[in-house]
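So this one's my_file-v9.cif, mmCIF, C-alpha atoms:
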data_work
loop_
_atom_site.label_atom_id
_atom_site.label_comp_id
_atom_site.auth_asym_id
_atom_site.auth_seq_id
_atom_site.Cartn_x
_atom_site.Cartn_y
_atom_site.Cartn_z
CA MET A 20 112.19 72.62 68.44
CA GLY A 21 111.13 73.41 64.90
CA ARG A 22 112.36 74.82 61.60
CA ILE A 23 110.17 77.83 60.95
CA LEU A 24 109.37 80.04 57.95
CA ILE A 25 108.15 83.54 58.86
CA VAL A 26 105.84 85.31 56.40
CA ASP A 27 104.92 88.97 56.97
CA ASP A 28 105.07 92.04 54.75
CA THR A 29 106.62 94.22 57.46
CA MET A 30 110.25 93.83 58.38
CA PHE A 31 109.45 94.94 61.94
CA MET A 32 106.99 92.08 62.51
CA ARG A 33 109.31 89.54 60.89
CA THR A 34 112.17 90.65 63.13
CA LEU A 35 109.96 90.57 66.22
CA LEU A 36 108.70 87.05 65.47
CA LYS A 37 112.25 85.95 64.61
CA ASN A 38 113.46 87.15 68.02
CA ILE A 39 110.61 85.52 69.89
CA LEU A 40 110.91 82.19 68.09
CA PHE A 41 114.71 82.15 68.29
CA SER A 42 114.52 82.81 72.05
CA GLY A 43 112.27 79.75 72.27
CA GLY A 44 114.97 77.59 70.68
CA HIS A 45 113.46 77.43 67.18
CA ASP A 46 115.44 77.62 63.99
CA ILE A 47 114.29 80.34 61.57
CA VAL A 48 114.98 78.79 58.18
CA GLY A 49 113.59 81.59 56.06
CA GLU A 50 111.45 84.67 55.65
CA ALA A 51 109.01 85.89 53.00
CA ALA A 52 107.41 89.29 52.53
CA ASP A 53 104.29 88.25 50.60
CA GLY A 54 102.11 85.24 49.86
CA ALA A 55 103.65 84.39 46.51
CA GLU A 56 107.17 84.36 47.96
CA ALA A 57 105.88 82.27 50.89
CA VAL A 58 104.67 79.49 48.58
CA ILE A 59 108.04 79.39 46.76
CA ARG A 60 110.04 79.47 50.00
CA TYR A 61 107.87 76.71 51.46
CA GLN A 62 108.59 74.41 48.49
CA GLU A 63 112.33 75.13 48.79
CA LEU A 64 112.68 74.88 52.55
CA ARG A 65 109.96 72.46 53.66
CA PRO A 66 109.83 73.98 57.17
CA ASP A 67 108.13 72.28 60.13
CA LEU A 68 105.89 75.31 60.59
CA VAL A 69 104.95 78.59 58.92
CA THR A 70 103.75 81.77 60.65
CA MET A 71 101.65 83.53 58.02
CA ASP A 72 100.40 87.12 58.06
CA VAL A 73 96.87 87.39 56.61
CA VAL A 74 96.90 90.83 55.01
CA MET A 75 99.78 91.10 52.52
CA PRO A 76 100.29 92.57 49.04
CA LYS A 77 100.15 90.46 45.85
CA VAL A 78 98.94 87.14 47.27
CA ASN A 79 97.30 87.35 50.71
CA GLY A 80 97.91 84.92 53.57
CA ILE A 81 94.72 82.90 53.06
CA GLU A 82 95.53 82.31 49.37
CA ALA A 83 99.11 81.37 50.24
CA LEU A 84 97.84 79.01 52.95
CA LYS A 85 95.56 77.29 50.42
CA ALA A 86 98.44 76.94 47.91
CA ILE A 87 100.77 75.50 50.56
CA LYS A 88 98.12 73.05 51.81
CA ALA A 89 97.39 71.98 48.22
CA ALA A 90 101.06 71.14 47.72
CA ASP A 91 101.54 69.62 51.19
CA PRO A 92 98.34 68.69 53.09
CA ALA A 93 100.40 68.04 56.25
CA ALA A 94 101.81 71.59 56.32
CA LYS A 95 101.50 73.30 59.70
CA VAL A 96 100.57 76.97 59.36
CA ILE A 97 99.74 79.48 62.10
CA MET A 98 97.93 82.56 60.82
CA CYS A 99 98.83 85.96 62.18
CA THR A 100 96.68 89.05 61.87
CA ALA A 101 95.74 92.36 63.45
CA VAL A 102 93.05 92.97 66.03
CA GLY A 103 89.65 93.38 64.39
CA GLN A 104 90.30 90.83 61.66
CA GLU A 105 89.37 87.84 63.81
CA GLN A 106 86.54 87.16 61.35
CA MET A 107 89.20 85.66 59.09
CA VAL A 108 89.60 82.83 61.60
CA LYS A 109 86.78 80.73 60.16
CA LEU A 110 88.14 81.11 56.65
CA ALA A 111 91.67 80.30 57.80
CA VAL A 112 90.60 77.28 59.82
CA LYS A 113 88.50 76.06 56.88
CA SER A 114 91.57 76.46 54.68
CA GLY A 115 93.67 74.33 57.00
CA ALA A 116 95.35 76.72 59.47
CA ARG A 117 96.38 75.00 62.71
CA GLY A 118 96.48 78.09 64.92
CA TYR A 119 95.75 81.79 64.98
CA ILE A 120 97.72 84.68 66.51
CA VAL A 121 96.29 88.17 66.87
CA LYS A 122 98.66 91.17 66.80
CA PRO A 123 99.80 92.58 69.15
CA PHE A 124 100.96 89.38 70.79
CA GLN A 125 103.03 88.38 73.81
CA ALA A 126 106.10 86.17 73.45
CA PRO A 127 105.26 83.41 75.98
CA LYS A 128 101.83 82.79 74.43
CA VAL A 129 103.23 82.76 70.89
CA LEU A 130 105.86 80.18 71.90
CA GLU A 131 103.17 78.10 73.63
CA GLU A 132 100.98 78.12 70.51
CA VAL A 133 103.91 77.26 68.23
CA GLN A 134 104.85 74.39 70.53
CA ASN A 135 101.27 73.12 70.58
CA VAL A 136 101.05 73.10 66.80
CA LEU A 137 104.49 71.54 66.36
CA SER A 138 103.76 68.71 68.76
CA ALA A 139 100.22 68.05 67.47
CA MET B 23 71.74 78.92 107.23
CA LYS B 24 74.67 76.65 106.48
CA SER B 25 77.77 77.31 108.58
CA VAL B 26 81.28 76.93 107.15
CA PRO B 27 84.78 77.50 108.53
CA VAL B 28 86.52 80.63 107.19
CA LYS B 29 89.27 83.03 108.16
CA VAL B 30 88.55 86.73 108.49
CA GLU B 31 90.92 89.64 108.73
CA HIS B 32 90.73 91.24 112.15
CA GLY B 33 93.21 93.75 113.57
CA GLY B 34 95.72 92.99 110.78
CA LYS B 35 95.62 89.22 111.37
CA TRP B 36 93.78 86.30 109.84
CA VAL B 37 91.49 84.81 112.50
CA PRO B 38 89.67 81.46 112.10
CA THR B 39 85.92 81.67 112.64
CA THR B 40 82.66 80.46 111.09
CA MET B 41 80.37 82.04 108.56
CA GLY B 42 76.73 81.23 107.99
CA ILE B 43 75.64 81.48 104.36
CA GLY B 44 71.94 82.14 103.89
CA GLU B 45 69.72 82.90 100.92
CA ASP B 46 69.89 86.66 101.46
CA ARG B 47 72.71 87.28 103.96
CA ILE B 48 75.85 86.02 105.65
CA ARG B 49 76.48 85.95 109.37
CA ILE B 50 80.09 86.00 110.57
CA ALA B 51 80.80 84.82 114.11
CA ALA B 52 83.24 86.46 116.60
CA PRO B 53 85.51 88.36 116.41
CA LEU B 54 83.60 90.22 113.65
CA ASP B 55 80.19 89.19 114.93
CA CYS B 56 78.29 90.80 112.07
CA GLU B 57 75.58 90.22 109.54
CA ILE B 58 75.73 91.45 105.95
CA THR B 59 72.78 91.31 103.58
CA TYR B 60 73.77 90.66 99.98
CA LYS B 61 71.71 93.59 98.73
CA SER B 62 73.76 95.96 100.92
CA VAL B 63 76.99 94.91 99.16
CA VAL B 64 78.34 97.60 96.86
CA ASP B 65 81.66 96.02 95.96
CA LEU B 66 83.21 92.59 95.70
CA GLU B 67 86.90 92.11 95.01
CA GLU B 68 88.66 88.83 94.46
CA LYS B 69 92.17 87.92 95.49
CA LYS B 70 93.80 84.52 95.71
CA ASN B 71 91.68 82.37 98.05
CA GLN B 72 89.94 85.43 99.49
CA VAL B 73 87.23 87.94 98.77
CA VAL B 74 86.84 91.50 99.96
CA ILE B 75 83.24 92.55 100.54
CA THR B 76 82.24 96.20 100.91
CA ALA B 77 78.74 96.76 102.28
CA GLY B 78 76.85 100.02 102.74
CA THR B 79 77.44 103.30 100.96
CA ASP B 80 79.17 105.73 103.34
CA ASN B 81 82.54 104.44 104.53
CA GLY B 82 81.08 101.00 104.02
CA GLN B 83 81.88 98.01 106.16
CA VAL B 84 84.78 96.09 104.61
CA CYS B 85 85.16 92.37 105.26
CA ARG B 86 88.06 90.22 104.12
CA ILE B 87 87.18 86.54 104.04
CA ALA B 88 89.50 83.68 103.14
CA SER B 89 88.28 80.17 102.52
CA VAL B 90 88.39 77.27 100.08
CA GLU B 91 87.29 77.90 96.50
CA LYS B 92 84.02 75.95 96.91
CA VAL B 93 82.83 78.18 99.77
CA LEU B 94 83.96 81.40 98.06
CA SER B 95 82.26 80.35 94.85
CA VAL B 96 78.87 79.95 96.59
CA LEU B 97 79.34 83.24 98.43
CA LYS B 98 80.33 85.12 95.26
CA LYS B 99 77.32 83.77 93.38
CA PHE B 100 74.89 84.97 96.07
CA ILE B 101 76.52 88.39 96.23
CA ILE B 102 76.81 88.95 92.48
CA THR B 103 73.18 88.03 91.86
CA GLN B 104 71.77 90.17 94.69
CA ALA B 105 74.25 93.00 95.35
CA SER B 106 73.54 96.65 94.76
CA ALA B 107 75.10 96.80 91.28
CA TYR B 108 74.26 97.47 87.64
CA ARG B 109 73.31 94.00 86.47
CA LEU B 110 72.31 92.65 83.09
CA ASN B 111 71.72 89.33 81.43
CA ALA B 112 74.24 88.72 78.70
CA PHE B 113 76.37 86.24 76.87
CA PHE B 114 80.09 86.50 77.47
CA MET B 115 83.26 84.88 76.22
CA SER B 116 86.18 85.20 78.63
CA PRO B 117 88.95 84.75 77.78
CA ALA B 118 88.63 84.76 73.98
CA ILE B 119 92.22 85.82 73.20
CA ARG B 120 95.14 85.41 75.58
CA GLY B 121 98.50 87.07 74.90
CA GLY B 122 97.48 87.43 71.24
CA VAL B 123 96.66 83.76 70.79
CA LEU B 124 93.09 82.98 69.86
CA ILE B 125 91.58 80.41 72.19
CA GLN B 126 90.06 77.97 69.75
CA ASP B 127 87.69 76.25 72.19
CA ALA B 128 86.43 79.51 73.73
CA ARG B 129 82.63 79.58 73.74
CA TRP B 130 79.82 81.97 74.54
CA GLU B 131 78.38 81.48 78.02
CA LYS B 132 74.90 82.54 79.01
CA GLY B 133 74.87 84.38 82.31
CA ALA B 134 74.83 87.75 83.97
CA ILE B 135 77.15 90.70 84.27
CA ALA B 136 77.35 92.77 87.41
CA VAL B 137 79.20 96.06 87.31
CA MET B 138 80.49 96.89 90.78
CA LYS B 139 82.54 99.72 92.22
CA THR B 140 85.96 98.31 91.33
CA GLY B 141 85.25 95.58 88.84
CA ILE B 142 83.00 93.77 86.38
CA TRP B 143 81.80 90.27 87.18
CA PHE B 144 80.78 87.67 84.60
CA VAL B 145 78.76 84.87 86.13
CA SER B 146 77.31 81.74 84.58
CA GLN B 147 76.42 78.28 85.93
CA GLU B 148 80.07 77.22 85.63
CA THR B 149 82.12 80.41 85.58
CA GLN B 150 82.82 83.44 87.76
CA VAL B 151 85.21 85.88 86.17
CA CYS B 152 86.17 89.22 87.70
CA ILE B 153 87.80 91.98 85.68
CA PRO B 154 89.06 94.72 88.01
CA LEU B 155 88.45 98.11 86.37
CA ALA B 156 92.07 99.04 87.16
CA ASP B 157 93.20 96.20 84.89
CA VAL B 158 91.06 97.20 81.89
CA ALA B 159 93.34 98.28 79.05
CA ASP B 160 90.79 98.99 76.31
CA ILE B 161 87.09 98.87 75.53
CA GLU B 162 85.63 98.79 72.07
CA LEU B 163 82.13 98.55 70.67
CA THR B 164 82.59 96.29 67.67
CA SER B 165 80.87 93.53 65.73
CA ARG B 166 81.60 89.84 65.58
CA GLU B 167 80.26 86.99 63.49
CA ILE B 168 78.15 84.76 65.71
CA GLN B 169 76.13 81.93 64.18
CA GLU B 170 76.49 83.38 60.68
CA LYS B 171 75.28 86.83 61.81
CA ASN B 172 77.26 89.99 62.44
CA LEU B 173 76.31 91.08 65.95
CA ASP B 174 77.40 94.02 68.09
CA VAL B 175 79.60 93.14 71.04
CA VAL B 176 81.70 94.95 73.62
CA LYS B 177 85.34 93.90 73.48
CA ILE B 178 87.30 94.31 76.71
CA ASP B 179 91.10 94.03 76.80
CA HIS B 180 92.38 93.49 80.31
CA LEU B 181 95.44 92.30 82.18
CA ILE B 182 95.70 89.08 84.15
CA GLU B 183 99.10 88.77 85.80
CA ASN B 184 100.73 90.81 83.00
CA GLU B 185 99.05 88.77 80.29
CA VAL B 186 96.79 90.70 77.94
CA VAL B 187 93.43 88.97 77.71
CA THR B 188 90.46 89.83 75.51
CA SER B 189 86.87 89.13 76.58
CA PHE B 190 83.61 89.76 74.71
CA VAL B 191 80.12 90.65 75.94
CA LEU B 192 77.01 90.16 73.83
CA CYS B 193 73.57 91.56 74.71
CA PRO B 194 70.88 93.76 73.12
CA MET B 195 72.29 96.95 71.59
CA THR B 196 70.66 99.38 74.05
CA THR B 197 72.11 97.54 77.05
CA LEU B 198 75.41 97.13 75.28
CA GLN B 199 75.64 100.87 74.72
CA VAL B 200 74.95 101.53 78.43
CA LEU B 201 77.64 99.02 79.43
CA TYR B 202 80.12 100.49 76.94
CA ASN B 203 79.49 104.06 78.15
CA PHE B 204 79.84 103.03 81.78
CA LEU B 205 83.11 101.20 81.15
CA LYS B 206 84.48 104.04 79.02
CA GLU B 207 83.76 106.47 81.83
CA ALA B 208 85.14 104.20 84.54
CA THR B 209 88.40 103.66 82.66
CA HIS B 210 88.98 107.11 81.13
CA ASP B 211 92.25 107.38 83.11
CA THR B 212 93.88 105.01 80.62
CA ASP B 213 92.82 106.99 77.51
CA VAL B 214 95.88 107.89 75.43
CA SER B 215 95.80 111.55 74.42
CA GLU B 216 99.54 112.09 73.94
CA GLU B 217 101.21 112.06 70.50
CA ILE B 218 103.59 109.09 70.28
CA ASP B 219 106.29 109.19 67.61
CA PRO B 220 106.71 106.04 65.45
CA LEU B 221 110.00 104.93 67.06
CA THR B 222 108.59 105.24 70.58
CA GLY B 223 105.55 103.31 69.35
CA GLN B 224 107.78 100.53 68.03
CA VAL B 225 109.62 100.34 71.36
CA ALA B 226 106.27 100.17 73.19
CA MET B 227 105.20 97.33 70.89
CA LEU B 228 108.40 95.40 71.62
CA VAL B 229 107.98 95.90 75.38
CA TYR B 230 104.40 94.62 75.00
CA SER B 231 105.72 91.53 73.22
CA GLY B 232 108.08 90.81 76.09
CA MET B 233 111.40 91.92 74.60
CA ASP B 234 114.07 93.05 77.07
CA SER B 235 116.24 96.16 76.66
CA SER B 236 119.14 94.45 74.92
CA ALA B 237 116.81 92.72 72.43
CA ILE B 238 115.14 96.06 71.69
CA GLU B 239 118.53 97.78 71.21
CA ASN B 240 119.58 95.04 68.78
CA MET B 241 116.33 94.94 66.84
CA LEU B 242 116.01 98.69 66.35
CA LYS B 243 119.78 99.37 66.23
CA LEU B 244 119.52 101.80 69.14
CA SER B 245 122.22 102.81 71.57
CA HIS B 246 121.67 102.36 75.29
CA LYS B 247 121.31 106.14 75.62
CA ASP B 248 118.74 106.36 72.79
CA LEU B 249 116.67 103.62 74.35
CA ASP B 250 116.87 105.28 77.75
CA ALA B 251 115.52 108.52 76.23
CA ILE B 252 112.61 106.60 74.67
CA TYR B 253 111.91 104.86 77.97
CA GLU B 254 111.79 108.33 79.58
CA ARG B 255 109.12 109.36 77.05
CA LEU B 256 107.12 106.20 77.79
CA LEU B 257 107.42 106.84 81.52
CA GLY B 258 106.53 110.52 81.11
CA THR B 259 103.36 109.73 79.18
CA GLY B 260 102.33 107.06 81.67
CA LEU B 261 102.47 104.33 79.03
CA ALA B 262 105.10 102.41 80.99
CA GLU B 263 106.35 102.00 84.51
CA ILE B 264 109.76 101.04 85.86
CA LEU B 265 110.09 97.31 86.46
CA TYR B 266 113.61 97.45 87.82
CA ILE B 267 116.77 99.50 87.34
CA ARG B 268 119.69 97.59 85.93
CA LYS B 269 123.16 98.63 87.07
CA GLU B 270 125.91 99.10 84.49
CA VAL B 271 129.32 98.71 86.12
CA GLN B 272 132.98 98.98 85.20
CA LEU B 273 135.90 97.48 87.07
CA THR B 274 137.93 99.50 89.55
CA ALA B 275 141.71 99.12 89.83
CA LYS B 276 141.05 96.47 92.48
CA GLY B 277 138.75 94.61 90.07
CA VAL B 278 141.30 94.78 87.26
CA ARG B 279 143.96 93.41 89.63
CA TYR B 280 141.66 90.52 90.61
CA ILE B 281 141.06 89.59 86.95
CA SER B 282 144.79 89.89 86.11
CA ASN B 283 145.69 87.64 89.05
CA ALA B 284 142.97 85.15 88.15
CA MET B 285 144.31 84.93 84.59
CA LYS B 286 147.87 84.44 85.87
CA SER B 287 146.88 81.64 88.22
CA SER B 288 144.81 79.90 85.53
CA SER B 289 147.70 80.04 83.01
CA ASN B 290 150.24 78.65 85.53
#
As structure tokens, the full file:
Amino acid sequence: MGRILIVDDTMFMRTLLKNILFSGGHDIVGEAADGAEAVIRYQELRPDLVTMDVVMPKVNGIEALKAIKAADPAAKVIMCTAVGQEQMVKLAVKSGARGYIVKPFQAPKVLEEVQNVLSA
Amino acid sequence: MKSVPVKVEHGGKWVPTTMGIGEDRIRIAAPLDCEITYKSVVDLEEKKNQVVITAGTDNGQVCRIASVEKVLSVLKKFIITQASAYRLNAFFMSPAIRGGVLIQDARWEKGAIAVMKTGIWFVSQETQVCIPLADVADIELTSREIQEKNLDVVKIDHLIENEVVTSFVLCPMTTLQVLYNFLKEATHDTDVSEEIDPLTGQVAMLVYSGMDSSAIENMLKLSHKDLDAIYERLLGTGLAEILYIRKEVQLTAKGVRYISNAMKSSSN
């Protein structure tokens, strides 16, 4: 089970992911509401995994992913975005994302993906 | 004609028999004792280890055949490629997204699509995928980057054992438009025309994600009664169906006495 940082600009999505991940036995070590805060929280908390929304104010998820990977190349980040933005996948994968979740999502599949990335 | 052992449904029972599979027809021995040409087939449904074949147009002949996957796979391929159906050559990717998780090794397969009475079939050298029309949740004509180009595709969201799966179809635009229009028409029963308030929408989203009632009550700070009222709206608009009814109970005098006695005996 992993220590996870959840990054999303909507409280609703953060709470939903928190519930899903907690039910899967994971420890939610922190939350961030934008990319800039995510980079700071990552440095402080050094989580095992980050779930990162792509579209966020200030610094977007792709930029935050790049900053986190620059500071810690071993960082495990799963990107999370809405339907219709799957084109971001290539960019995210190129920037070092380990997985990709499309909203809306279903709890069992999210837990499976998180487990895959954590154990990789 | 190669003959293989199968079971067929006859008089409400599964009966072992043999089926000959030819290039253009099947012949089923007694008790059905019938011959079905592939081109007379108007519908093909798939269930676990069995297929249901409907042949002919008026009150067509329906045949339920159970067999091993290898036999059914050969049979399905013959039927899908020759049946009386709207058929087109296309590339497809199924599944591309499962439960919201992008399948990273999903790839485009070259094959054919056959649109039958109750479902759409994707067939390639290696794959046979059936999407029953009743399980189609959404259809969208959209574009997707394929080999550095933005190409038009039809995106189909459908359910497989309560999991939401997304598949894509790629073919020339004119054919794509025909396929999209057909699917839109065939699935118009699931169009959402009702106004859904934001809170009901949030509850629907949480149900979609697999949250149970108590998790939803906690997340949205709703009382049991409030959530029940929202569930009623979801049921009324056809967006949800009842899975099961949970009983809420309180102890009777007899129950209270049992607990009191149990506590006494455990403290002695």
field: Matched chain/residue IDs from the PyMOL selection byres ((chain A and resi 46) around 9), as number ranges by chain
entry: A: 20-24, 37, 40-41, 44-45, 47-48
- request: Have a look at A:Val58, A:Val74, A:Val136, A:Leu110 and name the one nearest to Asp91 of chain A; count all atoms listed in the file.
  value: A:Val58
Could you give me, as a Markdown table, every chain B residue with an atom at most 9 Å from chain A, plus its closest atom pair and distance in Å to one decimal, counting all atoms listed in the file, rows ordered by chain then number?
| residue | atom | partner | partner_atom | distance |
| --- | --- | --- | --- | --- |
| B:Ile119 | CA | A:Val121 | CA | 7.9 |
| B:Arg120 | CA | A:Lys128 | CA | 7.3 |
| B:Gly121 | CA | A:Gln125 | CA | 4.8 |
| B:Gly122 | CA | A:Phe124 | CA | 4.0 |
| B:Val123 | CA | A:Ile120 | CA | 4.5 |
| B:Leu124 | CA | A:Tyr119 | CA | 5.7 |
| B:Ile125 | CA | A:Tyr119 | CA | 8.4 |
| B:Gln126 | CA | A:Gly118 | CA | 8.0 |
| B:Thr164 | CA | A:Gly103 | CA | 8.3 |
| B:Ser165 | CA | A:Gly103 | CA | 8.9 |
| B:Arg166 | CA | A:Gln106 | CA | 7.0 |
| B:Glu167 | CA | A:Gln106 | CA | 6.6 |
| B:Glu185 | CA | A:Gln125 | CA | 7.6 |
| B:Val186 | CA | A:Gln125 | CA | 7.8 |
| B:Gln224 | CA | A:Phe31 | CA | 8.4 |
| B:Met227 | CA | A:Pro123 | CA | 7.4 |
| B:Leu228 | CA | A:Leu35 | CA | 7.4 |
| B:Tyr230 | CA | A:Gln125 | CA | 6.5 |
| B:Ser231 | CA | A:Gln125 | CA | 4.2 |
| B:Gly232 | CA | A:Ala126 | CA | 5.7 |
| B:Met233 | CA | A:Ala126 | CA | 7.9 |
| B:Ala237 | CA | A:Asn38 | CA | 7.9 |
| B:Met241 | CA | A:Thr34 | CA | 7.0 |
| B:Leu242 | CA | A:Phe31 | CA | 8.7 |
Could you please take those selected residues and save C-alpha atoms as a CSV table (one decimal), in the coordinates of the input?
chain,number,residue,atom,x,y,z
B,119,ILE,CA,92.2,85.8,73.2
B,120,ARG,CA,95.1,85.4,75.6
B,121,GLY,CA,98.5,87.1,74.9
B,122,GLY,CA,97.5,87.4,71.2
B,123,VAL,CA,96.7,83.8,70.8
B,124,LEU,CA,93.1,83.0,69.9
B,125,ILE,CA,91.6,80.4,72.2
B,126,GLN,CA,90.1,78.0,69.8
B,164,THR,CA,82.6,96.3,67.7
B,165,SER,CA,80.9,93.5,65.7
B,166,ARG,CA,81.6,89.8,65.6
B,167,GLU,CA,80.3,87.0,63.5
B,185,GLU,CA,99.0,88.8,80.3
B,186,VAL,CA,96.8,90.7,77.9
B,224,GLN,CA,107.8,100.5,68.0
B,227,MET,CA,105.2,97.3,70.9
B,228,LEU,CA,108.4,95.4,71.6
B,230,TYR,CA,104.4,94.6,75.0
B,231,SER,CA,105.7,91.5,73.2
B,232,GLY,CA,108.1,90.8,76.1
B,233,MET,CA,111.4,91.9,74.6
B,237,ALA,CA,116.8,92.7,72.4
B,241,MET,CA,116.3,94.9,66.8
B,242,LEU,CA,116.0,98.7,66.4
query: Leaving out Asp157 of chain B and any residue of its chain fewer than 5 positions from it, which residues lie within 9 Å of it when counting all atoms listed in the file, given as number ranges by chain?
result: B: 141, 179-182
field: For Ile59 of chain A: contacts at 12 Å, only C-alpha atoms, fewer than 3 positions along chain excluded, given as a PyMOL selection string
entry: chain A and resi 24+26+49-56+62-66+78+83-84+86-87+90
- prompt: What is the distance between atom CA of Leu94 of chain B and atom CA of Trp36 of chain B, in Å to one decimal?
  reply: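 These two atoms are separated by 16.1 Å.
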task: Report the distance between atom CA of Met138 of chain B and atom CA of Gly42 of chain B in Å, rounded to one decimal place.
output: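 Value for the atom CA of Met138 of chain B-atom CA of Gly42 of chain B distance: 23.6 Å.
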- prompt: When distances are computed from all atoms listed in the file, which of B:Glu68, B:Glu131, B:Asp213, B:Glu57 shows the smallest separation from Gln83 of chain B?
  reply: B:Glu57
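With only C-alpha atoms taken into account, every residue lying no more than 8 Å from the file point (87.5, 87.4, 97.1) is included here: Leu66, Glu67, Glu68, Lys69, Lys70, Asn71, Gln72, Val73, Val74, Ile75, Arg86, Ile87, Ala88, Leu94 and Lys98 of chain B.
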- request: Identify which of the residues B:Arg268, B:Ala112, B:Arg279, B:Ile218 lies closest to Arg255 of chain B, counting all atoms listed in the file when measuring atom-to-atom distances.
  value: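 Closest candidate: B:Ile218.
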- prompt: Which of these residues is nearest to Val187 of chain B, using only C-alpha atoms: B:Ile153, B:Val30, B:Ile168, B:Ile101?
  reply: B:Ile153
What would segment 49-54 of chain B look like with all heavy atoms restored, written as a PDB file, in the frame of the given file?
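result15.pdb written:
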ATOM      1  N   ARG B  49      76.282  85.571 107.967  1.00  0.00           N
ATOM      2  CA  ARG B  49      76.480  85.950 109.370  1.00  0.00           C
ATOM      3  C   ARG B  49      77.860  85.450 109.773  1.00  0.00           C
ATOM      4  O   ARG B  49      78.152  84.253 109.646  1.00  0.00           O
ATOM      5  CB  ARG B  49      75.395  85.347 110.251  1.00  0.00           C
ATOM      6  CG  ARG B  49      75.457  85.865 111.681  1.00  0.00           C
ATOM      7  CD  ARG B  49      74.295  85.359 112.521  1.00  0.00           C
ATOM      8  NE  ARG B  49      73.005  85.849 112.049  1.00  0.00           N
ATOM      9  CZ  ARG B  49      71.944  85.059 111.872  1.00  0.00           C
ATOM     10  NH1 ARG B  49      72.031  83.772 112.097  1.00  0.00           N
ATOM     11  NH2 ARG B  49      70.798  85.569 111.465  1.00  0.00           N
ATOM     12  N   ILE B  50      78.721  86.377 110.184  1.00  0.00           N
ATOM     13  CA  ILE B  50      80.090  86.000 110.570  1.00  0.00           C
ATOM     14  C   ILE B  50      80.195  86.036 112.085  1.00  0.00           C
ATOM     15  O   ILE B  50      79.837  87.045 112.718  1.00  0.00           O
ATOM     16  CB  ILE B  50      81.132  86.927 109.916  1.00  0.00           C
ATOM     17  CG1 ILE B  50      80.982  86.904 108.380  1.00  0.00           C
ATOM     18  CG2 ILE B  50      82.558  86.502 110.288  1.00  0.00           C
ATOM     19  CD1 ILE B  50      81.766  87.956 107.656  1.00  0.00           C
ATOM     20  N   ALA B  51      80.698  84.923 112.647  1.00  0.00           N
ATOM     21  CA  ALA B  51      80.800  84.820 114.110  1.00  0.00           C
ATOM     22  C   ALA B  51      81.955  85.683 114.634  1.00  0.00           C
ATOM     23  O   ALA B  51      82.667  86.338 113.854  1.00  0.00           O
ATOM     24  CB  ALA B  51      81.008  83.360 114.487  1.00  0.00           C
ATOM     25  N   ALA B  52      82.165  85.678 115.960  1.00  0.00           N
ATOM     26  CA  ALA B  52      83.240  86.460 116.600  1.00  0.00           C
ATOM     27  C   ALA B  52      84.577  86.112 115.947  1.00  0.00           C
ATOM     28  O   ALA B  52      84.757  84.974 115.521  1.00  0.00           O
ATOM     29  CB  ALA B  52      83.274  86.144 118.085  1.00  0.00           C
ATOM     30  N   PRO B  53      85.498  87.028 115.788  1.00  0.00           N
ATOM     31  CA  PRO B  53      85.510  88.360 116.410  1.00  0.00           C
ATOM     32  C   PRO B  53      84.726  89.424 115.623  1.00  0.00           C
ATOM     33  O   PRO B  53      84.500  90.511 116.167  1.00  0.00           O
ATOM     34  CB  PRO B  53      86.996  88.714 116.423  1.00  0.00           C
ATOM     35  CG  PRO B  53      87.530  88.039 115.208  1.00  0.00           C
ATOM     36  CD  PRO B  53      86.751  86.768 115.064  1.00  0.00           C
ATOM     37  N   LEU B  54      84.309  89.156 114.389  1.00  0.00           N
ATOM     38  CA  LEU B  54      83.600  90.220 113.650  1.00  0.00           C
ATOM     39  C   LEU B  54      82.162  90.363 114.142  1.00  0.00           C
ATOM     40  O   LEU B  54      81.645  91.470 114.243  1.00  0.00           O
ATOM     41  CB  LEU B  54      83.614  89.946 112.139  1.00  0.00           C
ATOM     42  CG  LEU B  54      84.964  89.960 111.436  1.00  0.00           C
ATOM     43  CD1 LEU B  54      84.791  89.930 109.938  1.00  0.00           C
ATOM     44  CD2 LEU B  54      85.798  91.177 111.821  1.00  0.00           C
TER      45      LEU B  54
END
